[in-house]
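Enquirer: Let me give you the structure first, and then I'll get to my questions.
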Amino acid sequence: MSFERAPGTKQVKYGTAGFRGPADDGQMGFIVKRSGITAALRSRKLGKATGLMITASHNPVRDNGVKVTEPLGEMLVPNWEGLATDLTNADDLNAEIAKVIKSEEISSSSEGLVILGRDTRPSSAELSFAATEGIIQAQSRSLNLGVVTTPQLHYLTYKINKGTPVFNLNLDLYYSDFTNAFLEITKNSGNLGSVEVDCANGVGLLAGAQFAKRLESKVNIKLTNAGDGLLNHDCGADFVKTGQRAPVGSEMKEGVRYCSVDGDADRLVYYFLRAGKFFLLDGDRIACLIATYLQKRLGKDSSVNFGVVQTAYANGASTNYLSALGIKTVCTKTGVKHLHHAALDFDIGVYFEANGHGTVLFNDSAIAKLEKEGHSEILALAKLVNQTVGDAFSDMLAVEAVLYLLNWSIEDWAAMYSDYPNRLMKVKIANRADIQVTNAERTCIAPAGLQDKLNSLVATVANGRSFVRASGTEDVVRVYAEANTAENCDKLSIAVANLVFDMADGQGDKPSL
């Protein structure tokens with residue numbers, strides 16, 4: 001079994017999701033091995049454990065991927081993304097390793113520790129051997145957790161760097177921490193009813209089963225798509241969010257709460273039947289729910305500075321809702337690493353992408369202020385959310401707890417605001433680099449004149465909003481549009497898509513709905 005890179009192999013780039021691609025073309029083996037080297041060198045550089053997760057998240061089962069975790073559970077820092085790219089593409093691997101050791105001033109006597117995890121994909125077990133081979137080659141040790149969710153890998157990497165001994169580092173620690181936090185914050189409640197969880201036929205089924213067993217006295221957790229189908233096929237958070245419909249195997253009934261996680265359990269969306277129709281509660285709604293709770297509990301006199309971080313893809317109605325309540329909002333570039341960084345500017349930073357990936361960050365100042373002001377309930381919430389990364393099950397428990405604490409039904413949650421109709425289109429162009437944006441990707445600065453014409457189109461519809469941004473993976477431009485009605489949204493969407501086609505060397509047929 002060889003995990004070596006063949007000369008002339010197509011180059012790859014480390015991005016927000018790490019490396020990702022087909023697992024059956026022979027390329028992923030060397031990519032994962034070299035990612036193991038990256039994680040090990042990063043660990044040696046810092047003198048702390050790093051994490052390495054083998055997963056392709058919401059991608060089809062034929063794909064796989066790998067990403068490196070920083071010691072406190074954060075994503076790999078930007079300058080090391082470049083080093084990871086160089087190491088993975090190097091023709092002379094040993095020379096590239098020596099180059100990194102020299103440039104990063106890594107001691108030749110140092111030894112790293114990498115916490116390794118994988119999802120349930122058929123290709124993941126073999127790829128874990130590739131990762132281990134790379135870790136050993138880089139003069140380091142690995143602690144293989146086996147099959148885990150991505151958030152579990154992040155959380156346990158954080159815990160070992162906060163002093164948990166290696167021999168105590170296991171999944172029971174994760175389950176106990178979040179189970180106990182949920183039981184504490186809901187200690188005065190009876191049974192909270194039922195929630196049906198679509199596990200996307202992924203690793204989430206294992207986490208879901210554990211929480212269902214441990215919390216059976218508080219909430220009835222029923223699992224669907226729990227391994228009896230194909231991973232992420234017609235199920236999971238991405239399918240539900242994109243298709244605006246229930247996953248396969250879900251026979252929805254009135255009065256029941258439903259939610260879906262994705263293949264590695266770091267995204268969460270809720271939904272239910274409202275007057276007989278499917279109603280989605282996405283990441284925007286989760287952020288607004290938690291922010292509403294925080295504002296109500298903190299009151300006007302609190303010194304705690306909290307806010308919500310969104311991207312341009314957040315529905316304008318959610319932003320208007322938060323603004324009307326006087327809750328601070330910040331818009332960042334697309335990508336969880338950008339939201340996470342911006343959330344750190346608040347004492348309590350709430351961030352969720354519309355796709356359901358997000359969490360709530362509490363800094364040390366927030367904890368001190370909350371203790372001084374006697375906000376024991378919010379302090380309990382801080383223990384319930386996985387602050388290292390978006391965690392579908394931690395977020396689910398937080399949603400269930402906040403609904404209870406607000407004495408809200410899922411109908412009350414849905415009634416916060418009405419989404420503006422929106423549409424996302426793709427326009428194929430000759431070179432995606434021709435599209436340049438600024439202002440958190442909301443303003444197009446190239447081609448010259450495109451933004452002025454886009455503004456004129458937006459002005460033709462009520463509550464209109466639109467932006468364009470180049471895809472990070474293919475030569476297409478993503479066009480987002482929203483308006484007060486579905487008809488106006490479609491009108492604006494197709495107009496902007498055709499504007500991009502005409503001004504950015506569109507390829508193939510002109511855009512149409």
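By order of appearance in the structure tokens: chains A, B, ..., then residues from 1 within every chain, and ligands from 1 in the order shown.
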Tell me which protein, DNA and RNA residues are within 9 Å of A:Lys333, counting only C-alpha atoms, leaving out same-chain ones fewer than 5 positions away, and put them as a list in words.
Expert: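 Answer for this query is Gln310, Thr311, Ala312, His338, Leu339, Thr438, Asn439, Ala440, Glu441 and Arg442 of chain A.
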Enquirer: Kindly export the residues of the current selection with C-alpha atoms, as an mmCIF file, in the first residue's frame.
Expert:
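Okay, this is what ended up in result-v1.cif:
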data_model
loop_
_atom_site.group_PDB
_atom_site.id
_atom_site.type_symbol
_atom_site.label_atom_id
_atom_site.label_comp_id
_atom_site.auth_asym_id
_atom_site.auth_seq_id
_atom_site.Cartn_x
_atom_site.Cartn_y
_atom_site.Cartn_z
ATOM 1 C CA GLN A 310 -23.344 36.945 9.348
ATOM 2 C CA THR A 311 -22.253 36.675 5.729
ATOM 3 C CA ALA A 312 -23.799 38.281 2.661
ATOM 4 C CA HIS A 338 -13.935 34.552 8.840
ATOM 5 C CA LEU A 339 -17.065 34.400 11.003
ATOM 6 C CA THR A 438 -14.770 43.893 -1.588
ATOM 7 C CA ASN A 439 -16.907 44.989 1.400
ATOM 8 C CA ALA A 440 -17.345 41.422 2.733
ATOM 9 C CA GLU A 441 -18.056 40.246 -0.833
ATOM 10 C CA ARG A 442 -21.060 42.547 -1.197
#
Enquirer: Dump as CSV the rows for residues of stretch 98-158 of chain A within 12 Å of stretch 371-386 of chain A: closest atom pair and distance in Å with one decimal, only C-alpha atoms counted, ordered by chain and rising residue number.
Expert:
residue,atom,partner,partner_atom,distance
A:Thr150,CA,A:Asn386,CA,11.5
A:Pro151,CA,A:Asn386,CA,7.7
A:Gln152,CA,A:Asn386,CA,9.1
A:Leu153,CA,A:Asn386,CA,11.4
A:His154,CA,A:Asn386,CA,9.1
A:Tyr155,CA,A:Asn386,CA,7.2
A:Leu156,CA,A:Asn386,CA,10.7
A:Tyr158,CA,A:Asn386,CA,10.5
Enquirer: DSSP says strand (DSSP E or B) for which residues of stretch 136-326 of chain A? Put them as a ChimeraX atom specification?
Expert: /A:140-147,194-198,220-224,257-261,268-274,277-281,306-311
Enquirer: So that I have them on file, write out the residues from the current selection with C-alpha atoms, as a CSV table (one decimal), in the first residue's frame.
Expert:
chain,number,residue,atom,x,y,z
A,140,SER,CA,5.6,12.6,15.8
A,141,ARG,CA,3.0,10.4,17.5
A,142,SER,CA,-0.7,10.0,16.8
A,143,LEU,CA,-3.6,9.3,19.1
A,144,ASN,CA,-6.3,7.7,16.9
A,145,LEU,CA,-9.8,8.3,18.2
A,146,GLY,CA,-11.3,6.2,15.4
A,147,VAL,CA,-14.8,7.1,14.1
A,194,SER,CA,-39.8,14.9,20.9
A,195,VAL,CA,-37.3,15.9,18.2
A,196,GLU,CA,-36.6,13.7,15.2
A,197,VAL,CA,-33.0,13.9,14.0
A,198,ASP,CA,-32.0,13.1,10.4
A,220,ASN,CA,-37.3,12.1,23.2
A,221,ILE,CA,-34.7,11.9,20.4
A,222,LYS,CA,-35.7,9.8,17.5
A,223,LEU,CA,-33.1,9.0,14.8
A,224,THR,CA,-33.8,8.6,11.1
A,257,ARG,CA,-39.8,19.3,15.7
A,258,TYR,CA,-37.4,17.9,13.1
A,259,CYS,CA,-33.8,18.6,12.4
A,260,SER,CA,-31.0,17.4,10.1
A,261,VAL,CA,-27.3,17.2,10.6
A,268,LEU,CA,-27.7,21.8,11.8
A,269,VAL,CA,-31.1,23.0,10.4
A,270,TYR,CA,-34.5,22.6,11.9
A,271,TYR,CA,-37.9,22.3,10.1
A,272,PHE,CA,-41.5,21.4,10.8
A,273,LEU,CA,-45.0,21.4,9.3
A,274,ARG,CA,-46.6,24.8,9.4
A,277,LYS,CA,-46.4,23.0,4.6
A,278,PHE,CA,-42.7,22.4,5.1
A,279,PHE,CA,-41.1,25.3,7.0
A,280,LEU,CA,-37.3,25.6,7.3
A,281,LEU,CA,-35.4,27.1,10.3
A,306,PHE,CA,-22.6,40.7,22.3
A,307,GLY,CA,-23.4,40.6,18.7
A,308,VAL,CA,-24.2,38.4,15.7
A,309,VAL,CA,-21.8,37.7,12.8
A,310,GLN,CA,-23.3,36.9,9.3
A,311,THR,CA,-22.3,36.7,5.7
Enquirer: Which one is closest to A:Asp502: A:Gly472, A:Pro447, A:Gly283, A:Gly134? Count only C-alpha atoms.
Expert: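 Using only C-alpha atoms, the shortest distance to A:Asp502 belongs to A:Pro447.
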Enquirer: Between A:Glu104, A:Lys99, A:Asn315, A:Asn64, which residue has the minimum interatomic distance to A:Trp80, considering only C-alpha atoms?
Expert: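 Checking each candidate against A:Trp80, we get A:Glu104 as the closest.
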Enquirer: Would you kindly return, as a list in words, each protein, DNA or RNA residue with an atom no farther than 6 Å from any atom of stretch 226-230 of chain A, considering only C-alpha atoms and excluding same-chain residues fewer than 4 positions away?
Expert: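 Using only C-alpha atoms, the neighbours found are Cys199, Asn201 and Leu205 of chain A.
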Enquirer: I need the residues from that last selection saved to file as a CSV table (one decimal), in the first residue's frame (with C-alpha atoms), if you can.
Expert:
chain,number,residue,atom,x,y,z
A,199,CYS,CA,-28.4,11.7,10.8
A,201,ASN,CA,-26.5,8.2,7.2
A,205,LEU,CA,-25.9,8.5,14.0
Enquirer: Between atom CA of A:Ala237 and atom CA of A:Arg267, what is the distance, to one decimal in Å?
Expert: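 We find that atom CA of A:Ala237 and atom CA of A:Arg267 lie 6.4 Å from each other.
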Enquirer: Determine, counting only C-alpha atoms, which protein, DNA and RNA residues have an atom within 9 Å of an atom of A:Ala314; residues of the same chain fewer than 3 positions away are not included. Present the result as a ChimeraX atom specification.
Expert: /A:283-284,310-311,317-319,331,353-354
Enquirer: Skip stretch 489-491 of chain A itself and residues of its chain fewer than 2 positions away, then list as a list of chain:residue names all residues within 10 Å of it, counting only C-alpha atoms.
Expert: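 The residues that qualify are A:Tyr420, A:Pro421, A:Asn422, A:Arg423, A:Leu424, A:Leu457, A:Val458, A:Thr460, A:Val461, A:Ala462, A:Asn463, A:Gly464, A:Arg465, A:Ser466, A:Tyr480, A:Ala481, A:Glu482, A:Ala483, A:Asn484, A:Thr485, A:Ala486, A:Glu487, A:Ser493, A:Ile494, A:Ala495, A:Val496, A:Ser512, A:Leu513.
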Enquirer: Skip stretch 50-63 of chain A itself and residues of its chain fewer than 3 positions away, then list as an MDAnalysis selection string all residues within 7 Å of it, counting only C-alpha atoms.
Expert: chainID A and resid 20:23 39 43 66:71 113:119 121 124 150 153:154 157 231:232 238 262:264
Enquirer: Please, which residues of stretch 239-348 of chain A, numbered as in this document, come out helix (DSSP H, G or I) from DSSP, as a ChimeraX atom specification?
Expert: /A:239-243,283-298,316-324,336-343
Enquirer: Please write the residues from the selection above to a file, keeping C-alpha atoms, as an mmCIF file, in the first residue's frame.
Expert:
data_model
loop_
_atom_site.group_PDB
_atom_site.id
_atom_site.type_symbol
_atom_site.label_atom_id
_atom_site.label_comp_id
_atom_site.auth_asym_id
_atom_site.auth_seq_id
_atom_site.Cartn_x
_atom_site.Cartn_y
_atom_site.Cartn_z
ATOM 1 C CA PHE A 239 -29.943 18.468 1.175
ATOM 2 C CA VAL A 240 -32.726 19.912 3.330
ATOM 3 C CA LYS A 241 -31.408 23.490 3.169
ATOM 4 C CA THR A 242 -30.805 23.417 -0.585
ATOM 5 C CA GLY A 243 -33.925 21.519 -1.565
ATOM 6 C CA GLY A 283 -28.663 28.951 10.471
ATOM 7 C CA ASP A 284 -30.004 32.511 10.272
ATOM 8 C CA ARG A 285 -32.961 31.471 12.414
ATOM 9 C CA ILE A 286 -30.760 29.660 14.938
ATOM 10 C CA ALA A 287 -28.582 32.754 15.323
ATOM 11 C CA CYS A 288 -31.638 34.981 15.776
ATOM 12 C CA LEU A 289 -33.140 32.604 18.352
ATOM 13 C CA ILE A 290 -30.026 32.569 20.505
ATOM 14 C CA ALA A 291 -29.454 36.322 20.116
ATOM 15 C CA THR A 292 -33.066 37.005 21.154
ATOM 16 C CA TYR A 293 -32.580 34.873 24.257
ATOM 17 C CA LEU A 294 -29.333 36.645 25.165
ATOM 18 C CA GLN A 295 -30.861 40.073 24.782
ATOM 19 C CA LYS A 296 -33.880 39.180 26.921
ATOM 20 C CA ARG A 297 -31.748 37.697 29.694
ATOM 21 C CA LEU A 298 -28.958 40.272 29.701
ATOM 22 C CA GLY A 316 -32.006 40.294 4.713
ATOM 23 C CA ALA A 317 -35.076 39.717 6.855
ATOM 24 C CA SER A 318 -32.927 38.175 9.597
ATOM 25 C CA THR A 319 -30.559 41.153 9.555
ATOM 26 C CA ASN A 320 -33.510 43.568 9.726
ATOM 27 C CA TYR A 321 -34.988 41.572 12.636
ATOM 28 C CA LEU A 322 -31.781 41.820 14.638
ATOM 29 C CA SER A 323 -31.327 45.507 13.820
ATOM 30 C CA ALA A 324 -34.892 46.290 14.922
ATOM 31 C CA VAL A 336 -16.491 29.824 8.875
ATOM 32 C CA LYS A 337 -12.934 30.960 9.638
ATOM 33 C CA HIS A 338 -13.935 34.552 8.840
ATOM 34 C CA LEU A 339 -17.065 34.400 11.003
ATOM 35 C CA HIS A 340 -15.195 32.797 13.889
ATOM 36 C CA HIS A 341 -12.524 35.499 13.798
ATOM 37 C CA ALA A 342 -15.095 38.317 13.735
ATOM 38 C CA ALA A 343 -17.062 36.753 16.602
#
